[in-house]
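A short worksheet on the structure shown next.
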Number of protein chains: 2
Amino acid sequence: MKRISLRAIGTVHNAVREGRQKWGQVTSEIELLPEHAERLEGIEDFSHIHVLFYLDRVSRYERGMKRFRPLDREDLPLVGAFATRSQRRPNPIGLTTVRLLGRKGNTLRVKGLDALDSTPVLDIKPYSPRLDSAPGARLPQWVKTLEGER
Amino acid sequence: MKRISLRAIGTVHNAVREGRQKWGQVTSEIELLPEHAERLEGIEDFSHIHVLFYLDRVSRYERGMKRFRPLDREDLPLVGAFATRSQRRPNPIGLTTVRLLGRKGNTLRVKGLDALDSTPVLDIKPYSPRLDSAPGARLPQWVKTLEGER
């Protein structure tokens, strides 16, 4: 398969340097390159956006992992990487739907982004309930177990 | 900004060779490289998945467009590329939530994927209502106008 070459459009800034966090309350700034400022026009009319980012601290070893237990929990079943939202995937692209708190020029302020400080950002898309939600979606038991604990 | 190099995990197969379609009824097969088959284990327990794909037929000109009217409609406002779901973006990554009809080995059958035949696929993620839906999201008037016409 051919190589696909992308260039980051900007960078995440927040106080999170490492580790698994409670991300829901984390506020981040996404600073885009100045050349992209114009591309943000009108985004402030959406309350939520998708952020696509490149998980640049995922090791080659993690990228190679094919099956594992979600969160490495012994009580959850072995599943394939593409059946999880883990960062352990061959193309470690993060996809998170976040609340857009505000925009100033080429910088967005968002809440709930699960990306470490200095993470490269690949794309920003507006959230659309019609396109992006799937009411009545079916989930495996292990996801329900995890969500029941929250 | 540094270059990010990715490798496609597979390819879209469908009957759509060009143009803007009514995508909702299109059925596609996503054939992953055989080395990724194991990574799909357990995905059939989800009814919906996100497909991230590389829009490889977007021209350099389109990638450079910063502001335009959604669907080029004169009755809609000029907005920035990142405030739209257009393919006109610097990193033309498509993100679509589709219904998973079935899996056979390293091939998924999905409904509603808006990707042309032979499009390279970057990632597959399970859809999670908790992570991926934003009830009560606020939208600009132009999106409501478009959705009202459907």
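Each chain of the structure tokens is named A, B, ... in the order shown, its residues numbered from 1; ligands are numbered from 1 in display order.
The list of residues with at least one atom within 8 Å of segment 101-105 of chain A, based on only C-alpha atoms and without residues fewer than 2 positions apart in the same chain, reads Ala37, Glu44, Ser47, Arg99, Thr107, Leu108, Arg109, Val110 and Lys111 of chain A.
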How would the residues just picked look written out with all heavy atoms as a short mmCIF file (atom, residue, chain, number, x, y, z; two decimals), in the first residue's frame?
```cif
data_model
loop_
_atom_site.label_atom_id
_atom_site.label_comp_id
_atom_site.auth_asym_id
_atom_site.auth_seq_id
_atom_site.Cartn_x
_atom_site.Cartn_y
_atom_site.Cartn_z
N ALA A 37 -6.08 30.32 9.48
CA ALA A 37 -7.07 31.12 10.24
C ALA A 37 -8.37 31.29 9.46
O ALA A 37 -9.47 31.11 10.00
CB ALA A 37 -6.47 32.47 10.62
N GLU A 44 -17.38 29.00 14.87
CA GLU A 44 -17.89 29.36 16.20
C GLU A 44 -19.42 29.23 16.29
O GLU A 44 -19.98 29.32 17.38
CB GLU A 44 -17.43 30.77 16.58
CG GLU A 44 -17.79 31.86 15.59
CD GLU A 44 -16.77 32.00 14.44
OE1 GLU A 44 -15.87 31.14 14.30
OE2 GLU A 44 -16.90 32.97 13.67
N SER A 47 -21.51 24.24 18.31
CA SER A 47 -21.15 24.03 19.72
C SER A 47 -20.14 22.90 19.88
O SER A 47 -19.43 22.84 20.88
CB SER A 47 -22.39 23.70 20.55
OG SER A 47 -23.00 22.50 20.09
N ARG A 99 -16.39 19.93 22.95
CA ARG A 99 -17.15 21.17 23.01
C ARG A 99 -16.24 22.32 22.61
O ARG A 99 -15.10 22.42 23.09
CB ARG A 99 -17.69 21.37 24.42
CG ARG A 99 -18.48 22.67 24.58
CD ARG A 99 -19.10 22.76 25.96
NE ARG A 99 -20.25 21.89 26.09
CZ ARG A 99 -21.48 22.22 25.69
NH1 ARG A 99 -21.72 23.41 25.16
NH2 ARG A 99 -22.48 21.38 25.82
N THR A 107 -6.83 30.30 16.81
CA THR A 107 -6.79 29.42 17.99
C THR A 107 -8.20 29.09 18.48
O THR A 107 -9.04 29.97 18.64
CB THR A 107 -5.97 30.08 19.12
OG1 THR A 107 -4.63 30.28 18.65
CG2 THR A 107 -5.92 29.20 20.35
N LEU A 108 -8.43 27.79 18.71
CA LEU A 108 -9.69 27.32 19.26
C LEU A 108 -9.48 26.91 20.71
O LEU A 108 -8.44 26.33 21.05
CB LEU A 108 -10.21 26.11 18.48
CG LEU A 108 -10.45 26.30 16.98
CD1 LEU A 108 -10.90 24.97 16.36
CD2 LEU A 108 -11.49 27.39 16.74
N ARG A 109 -10.47 27.17 21.54
CA ARG A 109 -10.44 26.65 22.90
C ARG A 109 -11.50 25.56 22.99
O ARG A 109 -12.65 25.80 22.60
CB ARG A 109 -10.71 27.77 23.92
CG ARG A 109 -9.95 27.61 25.23
CD ARG A 109 -9.77 28.96 25.93
NE ARG A 109 -11.05 29.61 26.09
CZ ARG A 109 -11.89 29.37 27.09
NH1 ARG A 109 -11.58 28.50 28.05
NH2 ARG A 109 -13.04 29.99 27.17
N VAL A 110 -11.10 24.37 23.45
CA VAL A 110 -12.03 23.23 23.47
C VAL A 110 -11.97 22.52 24.82
O VAL A 110 -10.97 22.62 25.54
CB VAL A 110 -11.71 22.21 22.35
CG1 VAL A 110 -11.76 22.87 20.97
CG2 VAL A 110 -10.37 21.54 22.58
N LYS A 111 -13.01 21.77 25.11
CA LYS A 111 -13.09 21.04 26.38
C LYS A 111 -13.28 19.56 26.09
O LYS A 111 -14.18 19.19 25.31
CB LYS A 111 -14.27 21.57 27.19
CG LYS A 111 -14.34 21.00 28.59
CD LYS A 111 -15.36 21.77 29.39
CE LYS A 111 -15.58 21.14 30.76
NZ LYS A 111 -16.60 21.89 31.50
#
```
Q.
as a list in words, please: the residues near segment 9-15 of chain A (cut-off 8 Å, only C-alpha atoms, same-chain neighbours under 2 positions excluded).
A.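 Contacts, with the query itself left out: Arg7, Arg17, Val26, Thr27, Ser28, Glu29, Ile30, Glu31, Leu32, Leu33, His36, Ala115, Leu116, Asp117, Ser118, Thr119, Pro120, Val121, Leu122 and Asp123 of chain A; Met1 and Pro90 of chain B.
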Would you export the selected residues with N, CA and C atoms as an mmCIF file, in the first residue's frame, please?
```cif
data_model
loop_
_atom_site.group_PDB
_atom_site.id
_atom_site.type_symbol
_atom_site.label_atom_id
_atom_site.label_comp_id
_atom_site.auth_asym_id
_atom_site.auth_seq_id
_atom_site.Cartn_x
_atom_site.Cartn_y
_atom_site.Cartn_z
ATOM 1 N N ARG A 7 0.463 16.870 6.473
ATOM 2 C CA ARG A 7 1.189 17.890 7.218
ATOM 3 C C ARG A 7 0.261 18.394 8.319
ATOM 4 N N ARG A 17 1.042 16.377 30.205
ATOM 5 C CA ARG A 17 2.308 15.966 29.606
ATOM 6 C C ARG A 17 2.389 14.459 29.367
ATOM 7 N N VAL A 26 -10.602 18.532 30.913
ATOM 8 C CA VAL A 26 -9.386 19.190 30.416
ATOM 9 C C VAL A 26 -9.740 20.226 29.343
ATOM 10 N N THR A 27 -9.218 21.419 29.529
ATOM 11 C CA THR A 27 -9.368 22.455 28.512
ATOM 12 C C THR A 27 -8.073 22.557 27.716
ATOM 13 N N SER A 28 -8.193 22.616 26.409
ATOM 14 C CA SER A 28 -7.016 22.702 25.532
ATOM 15 C C SER A 28 -7.188 23.868 24.564
ATOM 16 N N GLU A 29 -6.063 24.375 24.123
ATOM 17 C CA GLU A 29 -6.092 25.301 22.995
ATOM 18 C C GLU A 29 -5.532 24.568 21.783
ATOM 19 N N ILE A 30 -6.182 24.754 20.671
ATOM 20 C CA ILE A 30 -5.682 24.219 19.406
ATOM 21 C C ILE A 30 -5.226 25.411 18.592
ATOM 22 N N GLU A 31 -3.928 25.509 18.440
ATOM 23 C CA GLU A 31 -3.375 26.651 17.698
ATOM 24 C C GLU A 31 -3.055 26.193 16.277
ATOM 25 N N LEU A 32 -3.805 26.714 15.324
ATOM 26 C CA LEU A 32 -3.537 26.357 13.931
ATOM 27 C C LEU A 32 -2.459 27.275 13.368
ATOM 28 N N LEU A 33 -1.812 26.809 12.322
ATOM 29 C CA LEU A 33 -0.874 27.668 11.614
ATOM 30 C C LEU A 33 -1.636 28.907 11.124
ATOM 31 N N HIS A 36 -4.043 28.988 8.239
ATOM 32 C CA HIS A 36 -5.340 28.309 8.305
ATOM 33 C C HIS A 36 -6.433 29.139 8.989
ATOM 34 N N ALA A 115 -5.860 14.620 24.216
ATOM 35 C CA ALA A 115 -4.573 14.665 23.510
ATOM 36 C C ALA A 115 -3.556 15.342 24.419
ATOM 37 N N LEU A 116 -2.344 14.788 24.436
ATOM 38 C CA LEU A 116 -1.281 15.378 25.241
ATOM 39 C C LEU A 116 -0.828 16.718 24.654
ATOM 40 N N ASP A 117 -0.224 17.516 25.504
ATOM 41 C CA ASP A 117 0.352 18.788 25.066
ATOM 42 C C ASP A 117 1.293 18.562 23.886
ATOM 43 N N SER A 118 1.210 19.430 22.914
ATOM 44 C CA SER A 118 2.061 19.454 21.702
ATOM 45 C C SER A 118 1.686 18.419 20.632
ATOM 46 N N THR A 119 0.548 17.757 20.812
ATOM 47 C CA THR A 119 0.080 16.798 19.799
ATOM 48 C C THR A 119 -0.243 17.520 18.474
ATOM 49 N N PRO A 120 0.232 16.983 17.357
ATOM 50 C CA PRO A 120 -0.103 17.587 16.054
ATOM 51 C C PRO A 120 -1.575 17.330 15.664
ATOM 52 N N VAL A 121 -2.200 18.341 15.123
ATOM 53 C CA VAL A 121 -3.603 18.245 14.713
ATOM 54 C C VAL A 121 -3.669 18.091 13.196
ATOM 55 N N LEU A 122 -4.541 17.182 12.739
ATOM 56 C CA LEU A 122 -4.646 16.880 11.306
ATOM 57 C C LEU A 122 -5.840 17.543 10.633
ATOM 58 N N ASP A 123 -6.944 17.647 11.367
ATOM 59 C CA ASP A 123 -8.147 18.184 10.739
ATOM 60 C C ASP A 123 -9.121 18.603 11.832
ATOM 61 N N MET B 1 5.769 22.752 9.987
ATOM 62 C CA MET B 1 5.182 21.554 10.619
ATOM 63 C C MET B 1 5.723 20.310 9.941
ATOM 64 N N PRO B 90 -7.004 20.890 3.669
ATOM 65 C CA PRO B 90 -5.575 20.654 3.431
ATOM 66 C C PRO B 90 -5.182 19.183 3.606
#
```
Interface, chain A side, toward chain B (8 Å; only C-alpha atoms) as a VMD selection string:
chain A and resid 1 to 10 36 38 to 43 45 to 48 66 to 67 79 to 85 90 to 91 93 96 to 97 122 to 129 131 to 135 137 to 140
For Trp142 of chain A: contacts at 8 Å, only C-alpha atoms, fewer than 3 positions along chain excluded, given as a compact mmCIF listing (two decimals) with N, CA, C and O atoms, in the first residue's frame:
```txt
# COMPACT_ATOMS: atom_id res chain seq x y z
N LEU A 76 -12.19 -8.16 30.89
CA LEU A 76 -12.79 -7.83 29.59
C LEU A 76 -12.18 -8.75 28.53
O LEU A 76 -11.06 -9.21 28.67
N PRO A 77 -12.93 -9.00 27.45
CA PRO A 77 -12.48 -9.99 26.46
C PRO A 77 -11.36 -9.45 25.57
O PRO A 77 -11.20 -8.25 25.40
N THR A 145 -20.44 -2.80 30.00
CA THR A 145 -19.82 -2.97 31.32
C THR A 145 -19.02 -1.73 31.70
O THR A 145 -19.16 -1.16 32.77
N LEU A 146 -18.17 -1.28 30.78
CA LEU A 146 -17.35 -0.10 31.04
C LEU A 146 -18.20 1.13 31.29
O LEU A 146 -17.93 1.91 32.20
```
Run DSSP on the backbone and give me the residues of chain B it puts in helix (DSSP H, G or I), as a VMD selection string. chain B and resid 34 to 40 43 to 45 60 to 63 70 to 72 81 to 83 129 to 132 141 to 148
Between atom CA of Arg57 of chain B and atom CA of Gln21 of chain B lies a distance of 15.3 Å
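Atom CA of Trp23 of chain B lies 6.6 Å from atom CA of Leu113 of chain B.
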Exercise. Taking the backbone alone, and naming residues the way the document does, which bits of segment 16-119 of chain B are strand (DSSP E) by DSSP, as a PyMOL selection string?
Worked result: chain B and resi 27-32+48-54+67-68+79-80+93-104+107-111
Checklist entry - atom CA of Glu74 of chain B to atom CA of Asn106 of chain A: how many Å, to one decimal? => result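 Atom-to-atom, atom CA of Glu74 of chain B to atom CA of Asn106 of chain A, that is 26.4 Å.
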